[in-house]
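Q: Sharing a structure, written as structure tokens. Questions coming.
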Amino acid sequence: MSPAPDERDRICAAMDRILQGTAQHSNGALTIVALAQEAGVPRNALTQRHPDLKNDFYAQVRARGQTPDSEIRLRQHIAKLKELRAKDIAELSRLRTDVDHLVRAVHQLTVENRQLRGALSQPASPVRVLPTQPHPEPNTLSPDTGDLQLTVYGR
């Protein structure tokens, strides 16, 4: 599709209207989308066919001391992303600490469990099995792991 002969003129007129705050066909935002809408041209006319006019528009916006709306939105989005990243880093650090503590607790419980099972397997063990607890069969250590195998009665 070839550009209309007056396309550059329409874009320049739309630039003037937006920069003066008198937009007629768009919301007047300082963006390429609003400029294209104001000029009645497709957005790619500014990004592909007339990038010099797009750059000129942004230069005029900056020269007035204003920041284009798209840049403001991007800066806000970047700030939110940085905040989320900081929160994620803090949470990841807490989770890593929690994992270390849980590994230590599991190891300690495993050691204590082996000690108690070993004490239960001794005939003169000071450790007693309560009547509601499963009673180990004598000499029922697992041949694979050496762990005591418990048989549950009454269930």
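Going by the structure tokens order, chains are called A, B, ..., each with residues numbered from 1, while ligands are numbered from 1 in the order shown.
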So that I can check the surroundings of range 66-77 of chain A, please list as an MDAnalysis selection string every protein, DNA and RNA residue that reaches within 7 Å of it, counting only C-alpha atoms and ignoring chain neighbours fewer than 3 positions away.
A: chainID A and resid 29:31 61:62 80:81
Q: Give me every strand (DSSP E) residue in range 13-147 of chain A, going by DSSP on the backbone, as a list in words.
A: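 DSSP-assigned strand (DSSP E) residues in range 13-147 of chain A: His135, Pro136, Glu137, Pro138, Asn139, Thr140 and Leu141 of chain A.
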Q: So that I have them on file, write out the residues from the current selection with all heavy atoms, as a CSV table (one decimal), in the first residue's frame.
A:
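Final output, again18.csv:
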chain,number,residue,atom,x,y,z
A,135,HIS,N,3.9,-52.9,68.3
A,135,HIS,CA,5.0,-53.7,69.0
A,135,HIS,C,5.9,-54.3,67.9
A,135,HIS,O,5.4,-55.0,67.0
A,135,HIS,CB,4.3,-54.8,69.8
A,135,HIS,CG,3.4,-54.3,70.9
A,135,HIS,ND1,3.9,-53.9,72.1
A,135,HIS,CD2,2.1,-54.2,71.0
A,135,HIS,CE1,2.9,-53.5,72.8
A,135,HIS,NE2,1.8,-53.7,72.2
A,136,PRO,N,7.2,-54.1,68.1
A,136,PRO,CA,8.1,-54.7,67.2
A,136,PRO,C,8.3,-56.2,67.5
A,136,PRO,O,8.2,-56.6,68.6
A,136,PRO,CB,9.4,-54.0,67.4
A,136,PRO,CG,9.3,-53.5,68.8
A,136,PRO,CD,7.8,-53.2,69.1
A,137,GLU,N,8.4,-56.9,66.4
A,137,GLU,CA,8.7,-58.4,66.6
A,137,GLU,C,10.2,-58.5,66.9
A,137,GLU,O,11.0,-57.7,66.4
A,137,GLU,CB,8.3,-59.1,65.3
A,137,GLU,CG,6.9,-59.1,64.9
A,137,GLU,CD,6.1,-60.0,65.9
A,137,GLU,OE1,6.6,-61.0,66.3
A,137,GLU,OE2,5.0,-59.6,66.2
A,138,PRO,N,10.5,-59.4,67.7
A,138,PRO,CA,11.9,-59.6,68.0
A,138,PRO,C,12.7,-60.0,66.7
A,138,PRO,O,12.2,-60.7,65.9
A,138,PRO,CB,12.0,-60.7,69.0
A,138,PRO,CG,10.6,-61.1,69.3
A,138,PRO,CD,9.7,-60.3,68.4
A,139,ASN,N,13.9,-59.4,66.6
A,139,ASN,CA,14.8,-59.8,65.5
A,139,ASN,C,14.1,-59.5,64.1
A,139,ASN,O,14.2,-60.4,63.2
A,139,ASN,CB,15.3,-61.2,65.6
A,139,ASN,CG,16.0,-61.4,66.9
A,139,ASN,OD1,16.7,-60.5,67.3
A,139,ASN,ND2,15.9,-62.6,67.5
A,140,THR,N,13.4,-58.4,64.0
A,140,THR,CA,12.8,-58.1,62.7
A,140,THR,C,13.5,-56.9,62.0
A,140,THR,O,12.8,-56.0,61.6
A,140,THR,CB,11.3,-57.9,62.8
A,140,THR,OG1,11.1,-56.8,63.7
A,140,THR,CG2,10.5,-59.1,63.2
A,141,LEU,N,14.7,-56.9,62.0
A,141,LEU,CA,15.5,-55.9,61.3
A,141,LEU,C,15.5,-56.1,59.8
A,141,LEU,O,15.6,-57.3,59.4
A,141,LEU,CB,16.9,-55.8,61.8
A,141,LEU,CG,17.1,-55.4,63.3
A,141,LEU,CD1,18.5,-55.4,63.7
A,141,LEU,CD2,16.4,-54.0,63.6
Q: Show which residues sit within 9 Å of Gly28 in chain A, as a list in words. Count only C-alpha atoms, and ignore same-chain residues fewer than 3 positions away.
A: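 Listed by chain and then number, they are Arg17, Ile18, Leu19, Gly21, Thr22, Ala23, Gln24, His25, Thr31, Ala34, Leu35 and Glu38 of chain A.
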Q: Selected residues, all heavy atoms, written as a JSON list (two decimals), in the first residue's frame, please.
A:
[["chain", "number", "residue", "atom", "x", "y", "z"],
["A", 17, "ARG", "N", -1.10, 20.04, 16.39],
["A", 17, "ARG", "CA", -2.33, 20.04, 17.21],
["A", 17, "ARG", "C", -2.09, 19.35, 18.55],
["A", 17, "ARG", "O", -2.51, 19.86, 19.60],
["A", 17, "ARG", "CB", -3.47, 19.36, 16.46],
["A", 17, "ARG", "CG", -4.05, 20.18, 15.31],
["A", 17, "ARG", "CD", -5.37, 19.63, 14.81],
["A", 17, "ARG", "NE", -5.31, 18.25, 14.38],
["A", 17, "ARG", "CZ", -5.00, 17.85, 13.15],
["A", 17, "ARG", "NH1", -4.73, 18.74, 12.20],
["A", 17, "ARG", "NH2", -4.98, 16.56, 12.83],
["A", 18, "ILE", "N", -1.43, 18.22, 18.53],
["A", 18, "ILE", "CA", -1.20, 17.49, 19.80],
["A", 18, "ILE", "C", -0.29, 18.30, 20.71],
["A", 18, "ILE", "O", -0.56, 18.43, 21.92],
["A", 18, "ILE", "CB", -0.61, 16.08, 19.53],
["A", 18, "ILE", "CG1", -1.71, 15.17, 18.97],
["A", 18, "ILE", "CG2", -0.03, 15.47, 20.79],
["A", 18, "ILE", "CD1", -1.24, 13.78, 18.62],
["A", 19, "LEU", "N", 0.77, 18.86, 20.16],
["A", 19, "LEU", "CA", 1.71, 19.63, 20.99],
["A", 19, "LEU", "C", 1.09, 20.91, 21.53],
["A", 19, "LEU", "O", 1.50, 21.42, 22.58],
["A", 19, "LEU", "CB", 2.99, 19.92, 20.20],
["A", 19, "LEU", "CG", 3.84, 18.68, 19.88],
["A", 19, "LEU", "CD1", 4.97, 19.03, 18.93],
["A", 19, "LEU", "CD2", 4.39, 18.07, 21.16],
["A", 21, "GLY", "N", -2.05, 20.99, 22.36],
["A", 21, "GLY", "CA", -3.14, 20.56, 23.25],
["A", 21, "GLY", "C", -4.51, 20.71, 22.64],
["A", 21, "GLY", "O", -5.51, 20.81, 23.36],
["A", 22, "THR", "N", -4.59, 20.76, 21.32],
["A", 22, "THR", "CA", -5.88, 20.93, 20.65],
["A", 22, "THR", "C", -6.19, 19.75, 19.73],
["A", 22, "THR", "O", -6.63, 19.94, 18.58],
["A", 22, "THR", "CB", -5.89, 22.23, 19.83],
["A", 22, "THR", "OG1", -4.83, 22.17, 18.87],
["A", 22, "THR", "CG2", -5.73, 23.45, 20.72],
["A", 23, "ALA", "N", -5.95, 18.56, 20.21],
["A", 23, "ALA", "CA", -6.18, 17.36, 19.39],
["A", 23, "ALA", "C", -7.67, 17.25, 19.05],
["A", 23, "ALA", "O", -8.54, 17.53, 19.88],
["A", 23, "ALA", "CB", -5.72, 16.12, 20.14],
["A", 24, "GLN", "N", -7.96, 16.84, 17.81],
["A", 24, "GLN", "CA", -9.35, 16.73, 17.36],
["A", 24, "GLN", "C", -9.79, 15.29, 17.14],
["A", 24, "GLN", "O", -10.95, 14.97, 17.28],
["A", 24, "GLN", "CB", -9.51, 17.49, 16.03],
["A", 24, "GLN", "CG", -9.24, 18.97, 16.15],
["A", 24, "GLN", "CD", -9.17, 19.63, 14.77],
["A", 24, "GLN", "OE1", -9.20, 18.96, 13.74],
["A", 24, "GLN", "NE2", -9.07, 20.95, 14.77],
["A", 25, "HIS", "N", -8.85, 14.41, 16.78],
["A", 25, "HIS", "CA", -9.22, 13.04, 16.43],
["A", 25, "HIS", "C", -8.59, 11.98, 17.33],
["A", 25, "HIS", "O", -8.67, 10.80, 17.04],
["A", 25, "HIS", "CB", -8.81, 12.75, 14.98],
["A", 25, "HIS", "CG", -9.34, 13.75, 14.00],
["A", 25, "HIS", "ND1", -10.68, 13.82, 13.66],
["A", 25, "HIS", "CD2", -8.72, 14.75, 13.31],
["A", 25, "HIS", "CE1", -10.85, 14.80, 12.79],
["A", 25, "HIS", "NE2", -9.68, 15.39, 12.57],
["A", 31, "THR", "N", 1.98, 10.25, 22.39],
["A", 31, "THR", "CA", 2.43, 8.95, 21.91],
["A", 31, "THR", "C", 2.30, 8.88, 20.40],
["A", 31, "THR", "O", 1.55, 9.65, 19.79],
["A", 31, "THR", "CB", 1.60, 7.80, 22.52],
["A", 31, "THR", "OG1", 0.25, 7.94, 22.08],
["A", 31, "THR", "CG2", 1.65, 7.80, 24.04],
["A", 34, "ALA", "N", -1.31, 7.99, 19.38],
["A", 34, "ALA", "CA", -2.21, 9.15, 19.33],
["A", 34, "ALA", "C", -1.90, 10.04, 18.13],
["A", 34, "ALA", "O", -2.81, 10.56, 17.47],
["A", 34, "ALA", "CB", -2.10, 9.95, 20.63],
["A", 35, "LEU", "N", -0.62, 10.18, 17.82],
["A", 35, "LEU", "CA", -0.23, 10.98, 16.66],
["A", 35, "LEU", "C", -0.76, 10.37, 15.37],
["A", 35, "LEU", "O", -1.32, 11.07, 14.52],
["A", 35, "LEU", "CB", 1.29, 11.12, 16.59],
["A", 35, "LEU", "CG", 1.85, 11.91, 15.40],
["A", 35, "LEU", "CD1", 1.29, 13.34, 15.38],
["A", 35, "LEU", "CD2", 3.37, 11.92, 15.45],
["A", 38, "GLU", "N", -4.48, 10.89, 15.25],
["A", 38, "GLU", "CA", -4.79, 12.30, 14.97],
["A", 38, "GLU", "C", -4.56, 12.62, 13.49],
["A", 38, "GLU", "O", -5.33, 13.37, 12.89],
["A", 38, "GLU", "CB", -3.91, 13.19, 15.86],
["A", 38, "GLU", "CG", -4.18, 14.66, 15.74],
["A", 38, "GLU", "CD", -5.52, 15.08, 16.32],
["A", 38, "GLU", "OE1", -6.06, 14.40, 17.21],
["A", 38, "GLU", "OE2", -6.04, 16.13, 15.86]]
Q: Quick one: residues within 12 Å of His50 in chain A, only C-alpha atoms, excluding same-chain residues fewer than 3 positions away - as a ChimeraX atom specification?
A: /A:3,7-12,32,36,41-47,53-57
Q: Those same residues, written as a compact mmCIF listing (two decimals), in the first residue's frame with N, CA, C and O atoms?
A:
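Writing the result to out.txt gives the following:
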# COMPACT_ATOMS: atom_id res chain seq x y z
N PRO A 3 1.81 5.25 0.34
CA PRO A 3 1.32 6.32 1.20
C PRO A 3 0.55 7.37 0.40
O PRO A 3 0.79 7.58 -0.78
N GLU A 7 0.35 12.58 3.18
CA GLU A 7 0.53 11.90 4.47
C GLU A 7 1.49 12.66 5.39
O GLU A 7 1.20 12.88 6.57
N ARG A 8 2.61 13.10 4.88
CA ARG A 8 3.58 13.85 5.70
C ARG A 8 2.97 15.15 6.21
O ARG A 8 3.17 15.52 7.37
N ASP A 9 2.20 15.82 5.35
CA ASP A 9 1.57 17.08 5.78
C ASP A 9 0.56 16.83 6.89
O ASP A 9 0.48 17.60 7.85
N ARG A 10 -0.22 15.75 6.76
CA ARG A 10 -1.21 15.43 7.79
C ARG A 10 -0.53 15.08 9.11
O ARG A 10 -1.00 15.48 10.19
N ILE A 11 0.59 14.39 9.03
CA ILE A 11 1.31 14.04 10.26
C ILE A 11 1.87 15.29 10.92
O ILE A 11 1.76 15.46 12.14
N CYS A 12 2.43 16.18 10.13
CA CYS A 12 2.98 17.43 10.69
C CYS A 12 1.87 18.28 11.33
O CYS A 12 2.06 18.85 12.42
N ILE A 32 3.01 7.92 19.83
CA ILE A 32 2.94 7.71 18.38
C ILE A 32 1.56 7.21 17.99
O ILE A 32 1.04 7.57 16.93
N ALA A 36 -0.63 9.06 15.23
CA ALA A 36 -1.13 8.39 14.03
C ALA A 36 -2.65 8.52 13.93
O ALA A 36 -3.20 8.78 12.85
N VAL A 41 -3.57 8.20 9.92
CA VAL A 41 -2.69 7.29 9.21
C VAL A 41 -2.45 6.06 10.08
O VAL A 41 -2.60 6.12 11.31
N PRO A 42 -2.04 4.94 9.48
CA PRO A 42 -1.71 3.78 10.32
C PRO A 42 -0.43 4.05 11.11
O PRO A 42 0.42 4.85 10.68
N ARG A 43 -0.30 3.41 12.25
CA ARG A 43 0.86 3.63 13.12
C ARG A 43 2.17 3.29 12.41
O ARG A 43 3.18 3.97 12.59
N ASN A 44 2.14 2.25 11.58
CA ASN A 44 3.38 1.88 10.91
C ASN A 44 3.84 2.94 9.91
O ASN A 44 4.97 2.93 9.46
N ALA A 45 2.97 3.88 9.54
CA ALA A 45 3.40 4.98 8.69
C ALA A 45 4.47 5.80 9.41
O ALA A 45 5.41 6.30 8.80
N LEU A 46 4.33 5.93 10.72
CA LEU A 46 5.31 6.69 11.50
C LEU A 46 6.53 5.84 11.84
O LEU A 46 7.64 6.36 11.90
N THR A 47 6.33 4.58 12.09
CA THR A 47 7.45 3.74 12.51
C THR A 47 8.27 3.21 11.34
O THR A 47 9.45 2.93 11.50
N LEU A 53 9.81 11.76 11.17
CA LEU A 53 8.73 12.54 11.80
C LEU A 53 8.45 12.03 13.22
O LEU A 53 8.19 12.83 14.12
N LYS A 54 8.54 10.73 13.40
CA LYS A 54 8.35 10.15 14.74
C LYS A 54 9.43 10.68 15.68
O LYS A 54 9.14 11.15 16.78
N ASN A 55 10.69 10.64 15.22
CA ASN A 55 11.79 11.14 16.05
C ASN A 55 11.66 12.63 16.30
O ASN A 55 11.96 13.11 17.41
N ASP A 56 11.22 13.37 15.32
CA ASP A 56 11.02 14.80 15.48
C ASP A 56 9.92 15.08 16.52
O ASP A 56 10.05 15.98 17.34
N PHE A 57 8.85 14.29 16.48
CA PHE A 57 7.76 14.45 17.45
C PHE A 57 8.28 14.24 18.87
O PHE A 57 8.06 15.07 19.76
Q: Find the distance between CA of Met15 in chain A and CA of Ala63 in chain A and write it in Å to one decimal.
A: 13.8 Å
Q: As an exercise, work out the distance from CA of Gly40 in chain A to CA of Ala13 in chain A in Å and give it to one decimal place.
A: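 Rounded to one decimal, the two atoms are 10.9 Å apart.
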Q: Please extract the residues of range 28-72 of chain A with a backbone DSSP assignment of helix (DSSP H, G or I) and present them as a ChimeraX atom specification.
A: /A:32-39,43-49,51-63,69-72
Q: To one decimal place, how far is CA of Leu95 in chain A from CA of Asn113 in chain A in Å?
A: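 Between CA of Leu95 in chain A and CA of Asn113 in chain A the gap is 26.3 Å.
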